[in-house]
file run_3.txt (compact mmCIF, C-alpha atoms)
# COMPACT_ATOMS: atom_id res chain seq x y z
CA MET S 1 0.00 0.00 0.00
CA ILE S 2 1.38 3.39 -1.00
CA LEU S 3 0.59 6.21 1.43
CA THR S 4 0.98 9.93 0.85
CA THR S 5 1.11 13.30 2.61
CA PRO S 6 -1.86 15.67 3.08
CA LEU S 7 -2.30 18.80 0.96
CA LYS S 8 -0.14 17.58 -1.90
CA SER S 9 -1.11 17.04 -5.53
CA ASN S 10 -1.03 13.26 -5.06
CA SER S 11 -2.63 13.13 -1.58
CA ILE S 12 -5.03 10.33 -0.73
CA LYS S 13 -8.23 12.13 0.32
CA VAL S 14 -11.22 11.08 2.39
CA LEU S 15 -14.33 13.22 2.56
CA LEU S 16 -16.32 12.86 5.79
CA LEU S 17 -20.02 13.61 5.38
CA GLY S 18 -20.76 14.06 9.06
CA SER S 19 -18.15 15.35 11.50
CA GLY S 20 -19.34 14.40 14.97
CA GLU S 21 -17.45 12.48 17.64
CA LEU S 22 -17.27 9.29 15.58
CA GLY S 23 -16.13 11.17 12.50
CA LYS S 24 -13.46 12.89 14.59
CA GLU S 25 -11.93 9.56 15.58
CA VAL S 26 -12.04 8.39 11.95
CA ALA S 27 -10.24 11.61 10.97
CA ILE S 28 -7.57 11.04 13.63
CA GLU S 29 -6.89 7.52 12.35
CA ALA S 30 -6.76 8.75 8.76
CA ASN S 31 -4.33 11.49 9.73
CA ARG S 32 -2.07 8.91 11.37
CA LEU S 33 -1.61 7.30 7.96
CA GLY S 34 -0.98 10.57 6.13
CA VAL S 35 -4.43 10.67 4.57
CA GLU S 36 -5.88 14.10 3.83
CA VAL S 37 -9.21 14.65 5.60
CA ILE S 38 -11.98 16.96 4.41
CA ALA S 39 -14.69 17.21 7.09
CA VAL S 40 -18.23 18.33 6.26
CA ASP S 41 -21.15 18.99 8.58
CA ARG S 42 -24.27 21.09 8.94
CA TYR S 43 -22.80 23.33 11.68
CA PRO S 44 -19.40 25.03 12.14
CA ASN S 45 -16.64 23.74 14.41
CA ALA S 46 -18.01 20.21 14.57
CA PRO S 47 -15.60 17.80 16.32
CA ALA S 48 -13.93 16.49 13.14
CA HIS S 49 -13.64 20.06 11.78
CA LEU S 50 -11.21 20.77 14.59
CA ILE S 51 -8.57 18.32 13.37
CA ALA S 52 -9.32 17.94 9.63
CA ASN S 53 -7.10 19.41 6.91
CA LYS S 54 -10.11 21.20 5.41
CA SER S 55 -13.68 21.72 6.58
CA TYR S 56 -17.01 22.84 5.12
CA VAL S 57 -20.45 23.69 6.48
CA ILE S 58 -23.32 22.80 4.16
CA ASP S 59 -26.84 21.44 4.13
CA MET S 60 -26.00 17.77 3.68
CA LYS S 61 -29.55 16.98 2.59
CA ASN S 62 -29.10 19.34 -0.35
CA GLU S 63 -28.01 17.31 -3.38
CA ASN S 64 -26.36 20.24 -5.17
CA GLU S 65 -24.36 21.37 -2.13
CA VAL S 66 -23.04 17.85 -1.49
CA LEU S 67 -22.10 17.33 -5.15
CA GLU S 68 -20.40 20.71 -5.30
CA ILE S 69 -18.02 19.76 -2.46
CA ILE S 70 -17.36 16.33 -3.97
CA LYS S 71 -16.49 17.79 -7.37
CA ARG S 72 -14.39 20.55 -5.86
CA GLU S 73 -12.31 18.28 -3.60
CA LYS S 74 -12.28 15.12 -5.77
CA PRO S 75 -11.83 12.72 -2.81
CA ASP S 76 -10.58 9.17 -3.25
CA PHE S 77 -13.15 7.97 -0.71
CA ILE S 78 -16.47 9.44 0.43
CA LEU S 79 -17.41 8.39 3.97
CA PRO S 80 -21.05 9.02 4.98
CA GLU S 81 -20.88 9.27 8.77
CA ILE S 82 -24.54 10.08 9.51
CA GLU S 83 -27.93 9.15 8.03
CA ALA S 84 -29.15 12.66 7.15
CA ILE S 85 -27.41 12.95 3.76
CA SER S 86 -28.71 13.39 0.22
CA ILE S 87 -28.65 9.84 -1.11
CA GLU S 88 -29.25 11.20 -4.62
CA ALA S 89 -25.90 12.99 -4.40
CA LEU S 90 -24.15 9.77 -3.43
CA PHE S 91 -25.67 7.82 -6.32
CA LYS S 92 -24.68 10.55 -8.78
CA ALA S 93 -21.15 10.78 -7.38
CA GLU S 94 -20.75 7.01 -7.65
CA LYS S 95 -21.91 7.07 -11.28
CA GLU S 96 -19.25 9.69 -11.97
CA GLY S 97 -16.55 7.37 -10.62
CA PHE S 98 -16.24 8.46 -6.99
CA PHE S 99 -15.81 5.73 -4.35
CA VAL S 100 -18.61 5.85 -1.76
CA ILE S 101 -17.96 3.78 1.40
CA PRO S 102 -19.19 1.11 1.51
CA ASN S 103 -21.29 1.95 -1.59
CA ALA S 104 -24.27 4.19 -2.34
CA GLU S 105 -26.83 1.38 -2.35
CA ALA S 106 -25.66 0.13 1.06
CA VAL S 107 -26.03 3.64 2.45
CA ASN S 108 -29.48 3.88 0.87
CA LYS S 109 -30.60 0.60 2.42
CA THR S 110 -29.26 1.26 5.90
CA MET S 111 -30.19 4.93 6.31
CA ASN S 112 -33.86 3.96 6.15
CA ARG S 113 -35.31 1.38 8.56
CA LYS S 114 -37.88 0.29 5.99
CA ASN S 115 -35.24 -0.48 3.38
CA ILE S 116 -32.94 -2.41 5.69
CA ARG S 117 -35.71 -4.35 7.42
CA GLU S 118 -37.19 -5.53 4.13
CA PHE S 119 -33.70 -6.34 2.83
CA ALA S 120 -32.87 -8.43 5.90
CA ALA S 121 -36.25 -10.09 6.45
CA VAL S 122 -37.46 -10.55 2.87
CA GLU S 123 -34.34 -10.73 0.67
CA LEU S 124 -32.01 -12.46 3.14
CA GLY S 125 -34.64 -14.34 5.13
CA LEU S 126 -33.16 -13.40 8.51
CA LYS S 127 -35.07 -13.76 11.76
CA THR S 128 -36.43 -10.40 12.93
CA SER S 129 -39.20 -9.13 15.18
CA ALA S 130 -42.68 -8.75 13.66
CA TYR S 131 -43.07 -5.29 12.13
CA GLN S 132 -45.35 -2.99 10.16
CA PHE S 133 -44.90 0.41 8.50
CA VAL S 134 -47.41 3.21 9.07
CA LYS S 135 -47.98 6.76 7.81
CA SER S 136 -50.92 7.97 9.91
CA PHE S 137 -51.98 7.85 13.54
CA GLU S 138 -54.87 5.60 12.57
CA GLU S 139 -52.48 3.17 10.89
CA LEU S 140 -50.23 3.33 13.96
CA THR S 141 -53.13 2.40 16.24
CA ASN S 142 -54.18 -0.49 14.03
CA ALA S 143 -50.59 -1.78 13.71
CA ALA S 144 -49.91 -1.56 17.45
CA ASN S 145 -53.14 -3.40 18.26
CA LYS S 146 -52.25 -6.10 15.73
CA ILE S 147 -48.61 -6.55 16.82
CA GLY S 148 -49.47 -6.24 20.51
CA TYR S 149 -48.12 -4.35 23.49
CA PRO S 150 -45.53 -3.41 24.39
CA CYS S 151 -44.30 -2.41 20.94
CA VAL S 152 -41.42 -0.26 19.70
CA ILE S 153 -42.16 2.78 17.53
CA LYS S 154 -39.47 4.54 15.47
CA PRO S 155 -39.20 6.91 12.50
CA VAL S 156 -38.00 5.06 9.40
CA MET S 157 -35.02 7.40 9.41
CA SER S 158 -33.38 9.12 12.38
CA SER S 159 -29.95 9.35 13.96
CA SER S 160 -28.73 8.10 17.35
CA GLY S 161 -32.10 6.64 18.27
CA HIS S 162 -33.94 9.98 18.16
CA GLY S 163 -37.72 9.61 18.11
CA GLN S 164 -37.75 6.01 19.35
CA SER S 165 -40.13 4.94 22.12
CA VAL S 166 -41.89 1.93 23.62
CA ALA S 167 -45.69 2.00 23.81
CA LYS S 168 -47.04 -0.18 26.61
CA SER S 169 -50.71 0.51 25.86
CA THR S 170 -52.98 2.49 23.54
CA GLU S 171 -52.66 5.44 25.94
CA ASP S 172 -48.95 5.70 25.03
CA LEU S 173 -49.48 5.91 21.27
CA LYS S 174 -50.11 9.65 21.09
CA ASN S 175 -46.87 10.42 22.89
CA SER S 176 -44.95 7.90 20.72
CA TRP S 177 -46.42 9.48 17.59
CA GLU S 178 -45.36 12.97 18.66
CA MET S 179 -41.86 11.82 19.68
CA ALA S 180 -41.32 10.16 16.31
CA LYS S 181 -42.59 13.17 14.37
CA GLU S 182 -40.28 15.53 16.22
CA ALA S 183 -37.17 13.44 15.53
CA ARG S 184 -34.35 14.67 13.34
CA GLY S 185 -34.64 12.78 10.04
CA ASP S 186 -37.48 11.41 7.93
CA ALA S 187 -40.59 10.92 10.07
CA SER S 188 -43.07 10.68 7.20
CA GLU S 189 -43.30 6.96 7.87
CA LEU S 190 -42.85 4.99 11.10
CA ILE S 191 -42.02 1.38 11.87
CA VAL S 192 -43.94 -0.45 14.57
CA GLU S 193 -42.01 -3.45 15.91
CA GLU S 194 -42.83 -6.35 18.16
CA PHE S 195 -41.09 -5.94 21.51
CA ILE S 196 -38.98 -9.05 21.88
CA GLU S 197 -38.39 -10.17 25.46
CA PHE S 198 -34.72 -10.61 24.72
CA ASP S 199 -32.05 -11.46 27.27
CA TYR S 200 -29.67 -8.80 25.95
CA GLU S 201 -28.69 -6.97 22.78
CA ILE S 202 -25.33 -6.70 21.10
CA THR S 203 -23.42 -4.82 18.47
CA LEU S 204 -21.19 -7.08 16.41
CA LEU S 205 -18.59 -4.90 14.69
CA THR S 206 -17.92 -6.52 11.34
CA VAL S 207 -15.03 -5.33 9.16
CA ARG S 208 -14.77 -6.27 5.51
CA ASN S 209 -12.96 -5.56 2.30
CA GLU S 210 -12.60 -7.52 -0.93
CA LYS S 211 -10.16 -9.95 0.74
CA GLU S 212 -11.61 -10.83 4.12
CA THR S 213 -14.21 -10.31 6.84
CA VAL S 214 -13.22 -10.08 10.51
CA PHE S 215 -15.27 -9.69 13.67
CA CYS S 216 -14.57 -7.81 16.88
CA GLU S 217 -15.70 -9.38 20.15
CA PRO S 218 -19.45 -8.77 20.66
CA ILE S 219 -20.35 -5.57 22.48
CA GLY S 220 -23.13 -5.40 25.05
CA HIS S 221 -24.90 -2.12 25.65
CA ILE S 222 -27.60 -0.30 27.56
CA GLN S 223 -29.78 2.19 25.70
CA LYS S 224 -32.23 4.85 26.79
CA ASP S 225 -34.76 6.12 24.26
CA GLY S 226 -32.75 4.39 21.55
CA ASP S 227 -29.48 6.15 22.43
CA TYR S 228 -26.57 4.30 23.99
CA ILE S 229 -25.57 5.05 27.59
CA PHE S 230 -23.11 2.25 28.43
CA SER S 231 -21.32 -0.36 26.34
CA TRP S 232 -18.93 -3.15 27.28
CA GLN S 233 -16.77 -5.66 25.49
CA PRO S 234 -16.86 -8.60 25.35
CA MET S 235 -20.48 -9.48 25.95
CA GLN S 236 -20.58 -12.95 27.44
CA MET S 237 -22.70 -15.22 25.26
CA SER S 238 -22.86 -18.88 24.29
CA GLU S 239 -20.70 -20.10 21.41
CA ILE S 240 -23.88 -21.15 19.60
CA ALA S 241 -25.35 -17.64 19.84
CA LYS S 242 -22.02 -16.02 18.93
CA ASN S 243 -21.62 -18.17 15.82
CA ARG S 244 -25.21 -17.46 14.79
CA ALA S 245 -24.58 -13.75 15.26
CA LYS S 246 -21.48 -13.96 13.07
CA ASP S 247 -23.43 -15.83 10.39
CA ILE S 248 -26.11 -13.14 10.37
CA ALA S 249 -23.56 -10.32 10.33
CA LYS S 250 -21.70 -11.90 7.41
CA LYS S 251 -24.88 -12.42 5.40
CA VAL S 252 -25.92 -8.82 5.94
CA THR S 253 -22.52 -7.29 5.19
CA ASP S 254 -21.89 -9.56 2.20
CA GLY S 255 -25.31 -8.56 0.91
CA LEU S 256 -24.49 -4.88 1.29
CA GLY S 257 -20.94 -5.25 -0.03
CA GLY S 258 -18.14 -2.71 -0.10
CA ARG S 259 -15.37 -1.86 2.34
CA GLY S 260 -15.32 -0.65 5.91
CA ILE S 261 -16.77 -1.41 9.30
CA PHE S 262 -20.41 -2.24 9.96
CA GLY S 263 -22.16 -2.10 13.33
CA VAL S 264 -24.64 -4.98 13.22
CA GLU S 265 -27.20 -4.80 16.04
CA MET S 266 -28.93 -7.97 17.21
CA PHE S 267 -31.22 -9.21 19.99
CA ILE S 268 -30.27 -12.41 21.80
CA LYS S 269 -32.73 -14.70 23.59
CA GLY S 270 -31.04 -17.85 24.81
CA ASP S 271 -29.27 -19.19 21.73
CA GLU S 272 -31.69 -17.47 19.33
CA VAL S 273 -30.46 -14.39 17.47
CA TYR S 274 -32.69 -11.73 15.89
CA PHE S 275 -31.39 -9.14 13.44
CA SER S 276 -32.27 -5.55 14.41
CA GLU S 277 -30.32 -2.91 12.44
CA VAL S 278 -26.98 -2.23 10.79
CA SER S 279 -24.89 0.92 10.34
CA PRO S 280 -22.26 0.95 7.55
CA ARG S 281 -19.83 2.99 9.63
CA PRO S 282 -18.33 3.06 13.12
CA HIS S 283 -20.95 2.58 15.82
CA ASP S 284 -21.37 4.67 18.97
CA THR S 285 -21.35 1.56 21.19
CA GLY S 286 -18.01 0.68 19.57
CA MET S 287 -16.21 3.57 21.28
CA VAL S 288 -15.27 0.98 23.90
CA THR S 289 -12.78 -0.44 21.37
CA MET S 290 -10.58 2.60 22.00
CA ILE S 291 -9.50 0.89 25.22
CA THR S 292 -10.03 -2.83 24.52
CA GLN S 293 -8.31 -3.36 21.14
CA SER S 294 -4.94 -2.59 19.56
CA GLN S 295 -6.87 -1.21 16.58
CA SER S 296 -10.09 0.63 17.49
CA GLU S 297 -13.18 0.40 15.29
CA PHE S 298 -12.08 3.71 13.74
CA ALA S 299 -8.61 2.42 12.86
CA LEU S 300 -10.12 -0.75 11.41
CA HIS S 301 -12.53 1.33 9.32
CA ILE S 302 -9.67 3.28 7.75
CA ARG S 303 -7.58 0.14 7.25
CA ALA S 304 -10.45 -1.59 5.46
CA ILE S 305 -11.05 1.45 3.24
CA LEU S 306 -7.38 1.66 2.26
CA GLY S 307 -7.09 -2.10 1.69
CA LEU S 308 -4.65 -2.64 4.56
CA PRO S 309 -4.53 -5.84 6.67
CA LEU S 310 -7.29 -6.08 9.29
CA ASP S 311 -5.31 -7.87 12.01
CA PHE S 312 -5.64 -6.62 15.59
CA ILE S 313 -5.21 -7.77 19.18
CA THR S 314 -7.97 -7.79 21.80
CA TYR S 315 -6.37 -6.54 25.01
CA GLY S 316 -9.18 -7.61 27.33
CA SER S 317 -12.50 -6.37 28.70
CA GLY S 318 -13.60 -2.79 29.16
CA VAL S 319 -16.50 -0.36 29.44
CA SER S 320 -17.51 2.92 27.83
CA ALA S 321 -19.95 5.40 29.40
CA ALA S 322 -21.45 8.35 27.55
CA TYR S 323 -21.52 11.69 29.31
CA LYS S 324 -24.58 13.73 28.39
CA SER S 325 -24.80 17.42 29.13
CA ARG S 326 -27.00 18.60 31.98
CA ILE S 327 -27.02 22.28 30.98
CA GLU S 328 -27.23 24.64 28.00
CA SER S 329 -23.98 26.41 27.12
CA VAL S 330 -22.28 28.11 24.17
CA ARG S 331 -18.86 27.57 25.76
CA PRO S 332 -18.88 24.05 27.20
CA THR S 333 -16.54 23.73 30.16
CA PHE S 334 -15.98 20.57 32.17
CA GLU S 335 -14.45 19.91 35.55
CA LEU S 336 -13.22 16.30 35.60
CA PRO S 337 -12.08 14.38 38.68
CA ASP S 338 -8.36 13.53 38.67
CA ASP S 339 -9.12 9.84 39.13
CA ALA S 340 -10.87 9.81 35.75
CA PHE S 341 -7.34 9.64 34.34
CA SER S 342 -5.82 6.59 36.00
CA THR S 343 -3.81 3.52 35.07
CA ASN S 344 -6.93 1.92 33.57
CA SER S 345 -9.21 4.82 32.61
CA PHE S 346 -9.45 8.06 30.67
CA VAL S 347 -12.01 10.48 29.23
CA ARG S 348 -12.42 11.74 25.69
CA VAL S 349 -14.05 15.18 25.40
CA PHE S 350 -15.57 15.57 21.93
CA GLY S 351 -15.15 19.34 21.57
CA LYS S 352 -18.69 20.12 20.42
CA PRO S 353 -19.17 23.91 20.20
CA GLU S 354 -22.41 23.98 22.20
CA SER S 355 -23.95 21.82 24.89
CA HIS S 356 -27.64 21.09 25.24
CA LYS S 357 -29.41 18.99 27.83
CA GLY S 358 -29.03 15.37 26.80
CA ARG S 359 -26.37 16.03 24.14
CA ARG S 360 -23.48 13.56 24.22
CA MET S 361 -20.35 15.58 25.02
CA ALA S 362 -17.74 13.06 26.22
CA VAL S 363 -17.10 9.41 26.89
CA ALA S 364 -15.40 7.67 29.81
CA LEU S 365 -13.38 4.54 29.02
CA VAL S 366 -12.31 1.99 31.62
CA TYR S 367 -10.21 -1.15 31.18
CA GLY S 368 -10.78 -4.19 33.38
CA ASP S 369 -13.40 -6.75 34.35
CA ILE S 370 -16.88 -5.65 33.35
CA GLU S 371 -18.48 -5.38 36.78
CA SER S 372 -15.82 -3.22 38.43
CA SER S 373 -15.20 -1.22 35.23
CA MET S 374 -18.91 -0.40 34.98
CA LYS S 375 -18.94 0.92 38.54
CA GLN S 376 -15.81 2.98 37.86
CA ALA S 377 -17.21 4.37 34.59
CA LYS S 378 -20.49 5.36 36.27
CA THR S 379 -18.58 7.11 39.05
CA ILE S 380 -16.50 9.08 36.54
CA ILE S 381 -19.58 10.21 34.62
CA GLU S 382 -21.47 11.15 37.78
CA ASN S 383 -18.52 13.25 39.01
CA ILE S 384 -18.09 15.33 35.85
CA ARG S 385 -19.26 18.88 36.45
CA GLU S 386 -20.17 21.41 33.80
CA LEU S 387 -19.30 25.01 34.59
CA LYS S 388 -21.41 27.93 33.39
call {"tool": "encode", "arguments": {"input": "run_3.txt", "output": "structure tokens"}}
result
Amino acid sequence: MILTTPLKSNSIKVLLLGSGELGKEVAIEANRLGVEVIAVDRYPNAPAHLIANKSYVIDMKNENEVLEIIKREKPDFILPEIEAISIEALFKAEKEGFFVIPNAEAVNKTMNRKNIREFAAVELGLKTSAYQFVKSFEELTNAANKIGYPCVIKPVMSSSGHGQSVAKSTEDLKNSWEMAKEARGDASELIVEEFIEFDYEITLLTVRNEKETVFCEPIGHIQKDGDYIFSWQPMQMSEIAKNRAKDIAKKVTDGLGGRGIFGVEMFIKGDEVYFSEVSPRPHDTGMVTMITQSQSEFALHIRAILGLPLDFITYGSGVSAAYKSRIESVRPTFELPDDAFSTNSFVRVFGKPESHKGRRMAVALVYGDIESSMKQAKTIIENIRELK
């Protein structure tokens, strides 16, 4: 593999469409290999903007604005890092010879819950929860009554779990409808899913290129309103369930094709495995790999894109804990306890330009056995103070 230097006529370029905390780590790993990074987002001074070689602020749902940046910068690889992107721009760029990661059709399928659910359940024949798509409150009521309570209600397209809720009875449907409609993304259609009484859920990070597919150890996680709070690796599970999860992840990622890392989410009940969703990019629950693996999910993503070997070492178990802001501020300031930075722990502050209540601003990472690491991570998060 030939590598280059940024800002030269022969530089290898990656264009990040989405420059949040995950995009920032991707940019860091790209920079470590001399890759030029162009970071794009809808607001200025997004996390990846702060360390990229170039940055832009555009409306990423606007086809013309996205294509203009692509044609101006002529990147070797286009990396969609969020769902809210003009898919038409990606298809057109791909037709003109640009390399979309993993590919435009994979992005199209996975950015919309309807597309990916029908792809997994109908085309691939994978086991999923019962589901139905609805466009009106009347259809929502009928679908929920048919599927049964509790049921999960989500927009067909949203980021970081926004707009997701669980309805336990008909009385909850109005609130679920309003939550979904207010979500960032496409809320013109909703998916109503059977609530599976699963034992736990996992993310199986699956890395592929044209030569091979490798799996990270399964990651367990706790979510609230569809957004991750804690994750840990490895999630203890039976070999039967783990092998079934790998089979499902390989079928899904082979079906989607392309290069890069995929976060495949699944529900586990005993030895049974149910496909839930997949993201064709680094996954928020996978931030734990920054302390558990020699090559984090972000490093593996860049390696897969560049066609480099995908070998890595798993150091051991660890936990990540998201810190969410408790205040509103235009100059986020954090007071962290000294023991957050110890022999087995550290904190990553994302550098977002504004904090809002509930916005993810940092992550605590702890290495060690899951039980004690979880306690330590919770203590770190609880002891972070935001200063006004």
call {"tool": "closest_residue", "arguments": {"input": "run_3.txt", "among": "S:Leu3, S:Ile51, S:Ile58, S:Ile70", "to": "S:Leu90", "atoms": "all atoms listed in the file"}}
result
S:Ile70
call {"tool": "atom_distance", "arguments": {"input": "run_3.txt", "atom1": "atom CA of S:Ser238", "atom2": "atom CA of S:Asp271"}}
result
6.9 Å
call {"tool": "atom_distance", "arguments": {"input": "run_3.txt", "atom1": "atom CA of S:Leu17", "atom2": "atom CA of S:Val37"}}
result
10.9 Å
call {"tool": "residues_around", "arguments": {"input": "run_3.txt", "residues": "S:Glu65", "least_positions_apart": "5", "cutoff": "12 Å", "atoms": "only C-alpha atoms", "output": "list in words"}}
result
Leu17, Val40, Asp41, Arg42, Tyr56, Val57, Ile58, Asp59, Met60, Ile70, Lys71, Arg72, Ile85, Ser86, Glu88, Ala89 and Leu90 of chain S
call {"tool": "write_last_selection", "arguments": {"input": "run_3.txt", "atoms": "C-alpha atoms", "output": "tab-separated table (two decimals), in the coordinates of the input"}}
result
chain	number	residue	atom	x	y	z
S	17	LEU	CA	-20.02	13.61	5.38
S	40	VAL	CA	-18.23	18.33	6.26
S	41	ASP	CA	-21.15	18.99	8.58
S	42	ARG	CA	-24.27	21.09	8.94
S	56	TYR	CA	-17.01	22.84	5.12
S	57	VAL	CA	-20.45	23.69	6.48
S	58	ILE	CA	-23.32	22.80	4.16
S	59	ASP	CA	-26.84	21.44	4.13
S	60	MET	CA	-26.00	17.77	3.68
S	70	ILE	CA	-17.36	16.33	-3.97
S	71	LYS	CA	-16.49	17.79	-7.37
S	72	ARG	CA	-14.39	20.55	-5.86
S	85	ILE	CA	-27.41	12.95	3.76
S	86	SER	CA	-28.71	13.39	0.22
S	88	GLU	CA	-29.25	11.20	-4.62
S	89	ALA	CA	-25.90	12.99	-4.40
S	90	LEU	CA	-24.15	9.77	-3.43
call {"tool": "residues_around", "arguments": {"input": "run_3.txt", "residues": "S:Asp76", "least_positions_apart": "5", "cutoff": "9 Å", "atoms": "all atoms listed in the file", "output": "list of chain:residue names"}}
result
S:Ile12, S:Lys13, S:Val14, S:Leu15, S:Phe98, S:Phe99, S:Val100
call {"tool": "atom_distance", "arguments": {"input": "run_3.txt", "atom1": "atom CA of S:Arg117", "atom2": "atom CA of S:Val214"}}
result
23.4 Å
call {"tool": "residues_around", "arguments": {"input": "run_3.txt", "residues": "S:Leu140", "least_positions_apart": "2", "cutoff": "12 Å", "atoms": "all atoms listed in the file", "output": "PyMOL selection string"}}
result
chain S and resi 131-138+142-148+151-155+167+170+172-178+180+189-193
call {"tool": "closest_residue", "arguments": {"input": "run_3.txt", "among": "S:Lys269, S:Lys8, S:Arg303, S:His49", "to": "S:Arg32", "atoms": "only C-alpha atoms"}}
result
S:Arg303
call {"tool": "closest_atom_pairs", "arguments": {"input": "run_3.txt", "of": "stretch 48-89 of chain S", "to": "stretch 304-327 of chain S", "cutoff": "12 Å", "atoms": "all atoms listed in the file", "output": "JSON lines"}}
result
{"residue": "S:Asp76", "atom": "CA", "partner": "S:Leu306", "partner_atom": "CA", "distance": 9.8}
{"residue": "S:Phe77", "atom": "CA", "partner": "S:Ile305", "partner_atom": "CA", "distance": 7.9}
{"residue": "S:Ile78", "atom": "CA", "partner": "S:Ile305", "partner_atom": "CA", "distance": 10.1}
{"residue": "S:Leu79", "atom": "CA", "partner": "S:Ile305", "partner_atom": "CA", "distance": 9.4}
call {"tool": "closest_residue", "arguments": {"input": "run_3.txt", "among": "S:Gly358, S:Gly125, S:Gly23, S:Pro218", "to": "S:Ala52", "atoms": "all atoms listed in the file"}}
result
S:Gly23
call {"tool": "decode", "arguments": {"input": "run_3.txt", "residues": "stretch 60-78 of chain S", "atoms": "N, CA and C atoms", "output": "JSON list (two decimals), in the first residue's frame"}}
result
[["chain", "number", "residue", "atom", "x", "y", "z"],
["S", 60, "MET", "N", -26.36, 19.06, 4.25],
["S", 60, "MET", "CA", -26.00, 17.77, 3.68],
["S", 60, "MET", "C", -27.19, 17.02, 3.08],
["S", 61, "LYS", "N", -28.39, 17.56, 3.27],
["S", 61, "LYS", "CA", -29.55, 16.98, 2.59],
["S", 61, "LYS", "C", -29.76, 17.60, 1.22],
["S", 62, "ASN", "N", -28.98, 18.64, 0.93],
["S", 62, "ASN", "CA", -29.10, 19.34, -0.35],
["S", 62, "ASN", "C", -28.18, 18.68, -1.38],
["S", 63, "GLU", "N", -28.77, 18.06, -2.37],
["S", 63, "GLU", "CA", -28.01, 17.31, -3.38],
["S", 63, "GLU", "C", -26.95, 18.17, -4.05],
["S", 64, "ASN", "N", -27.30, 19.39, -4.44],
["S", 64, "ASN", "CA", -26.36, 20.24, -5.17],
["S", 64, "ASN", "C", -25.17, 20.65, -4.31],
["S", 65, "GLU", "N", -25.45, 20.96, -3.02],
["S", 65, "GLU", "CA", -24.36, 21.37, -2.13],
["S", 65, "GLU", "C", -23.39, 20.22, -1.88],
["S", 66, "VAL", "N", -23.91, 19.01, -1.70],
["S", 66, "VAL", "CA", -23.04, 17.85, -1.49],
["S", 66, "VAL", "C", -22.20, 17.58, -2.73],
["S", 67, "LEU", "N", -22.83, 17.60, -3.90],
["S", 67, "LEU", "CA", -22.10, 17.33, -5.15],
["S", 67, "LEU", "C", -21.05, 18.40, -5.43],
["S", 68, "GLU", "N", -21.35, 19.63, -5.07],
["S", 68, "GLU", "CA", -20.40, 20.71, -5.30],
["S", 68, "GLU", "C", -19.09, 20.47, -4.54],
["S", 69, "ILE", "N", -19.21, 20.05, -3.27],
["S", 69, "ILE", "CA", -18.02, 19.76, -2.46],
["S", 69, "ILE", "C", -17.27, 18.56, -3.03],
["S", 70, "ILE", "N", -18.00, 17.53, -3.42],
["S", 70, "ILE", "CA", -17.36, 16.33, -3.97],
["S", 70, "ILE", "C", -16.57, 16.68, -5.23],
["S", 71, "LYS", "N", -17.16, 17.44, -6.11],
["S", 71, "LYS", "CA", -16.49, 17.79, -7.37],
["S", 71, "LYS", "C", -15.33, 18.76, -7.15],
["S", 72, "ARG", "N", -15.46, 19.61, -6.14],
["S", 72, "ARG", "CA", -14.39, 20.55, -5.86],
["S", 72, "ARG", "C", -13.18, 19.84, -5.27],
["S", 73, "GLU", "N", -13.41, 18.93, -4.32],
["S", 73, "GLU", "CA", -12.31, 18.28, -3.60],
["S", 73, "GLU", "C", -11.80, 17.01, -4.27],
["S", 74, "LYS", "N", -12.65, 16.37, -5.08],
["S", 74, "LYS", "CA", -12.28, 15.12, -5.77],
["S", 74, "LYS", "C", -11.64, 14.10, -4.82],
["S", 75, "PRO", "N", -12.39, 13.67, -3.78],
["S", 75, "PRO", "CA", -11.83, 12.72, -2.81],
["S", 75, "PRO", "C", -11.67, 11.33, -3.40],
["S", 76, "ASP", "N", -10.72, 10.57, -2.86],
["S", 76, "ASP", "CA", -10.58, 9.17, -3.25],
["S", 76, "ASP", "C", -11.68, 8.32, -2.63],
["S", 77, "PHE", "N", -12.12, 8.72, -1.42],
["S", 77, "PHE", "CA", -13.15, 7.97, -0.71],
["S", 77, "PHE", "C", -14.13, 8.94, -0.06],
["S", 78, "ILE", "N", -15.41, 8.66, -0.21],
["S", 78, "ILE", "CA", -16.47, 9.44, 0.43],
["S", 78, "ILE", "C", -17.04, 8.61, 1.57]]
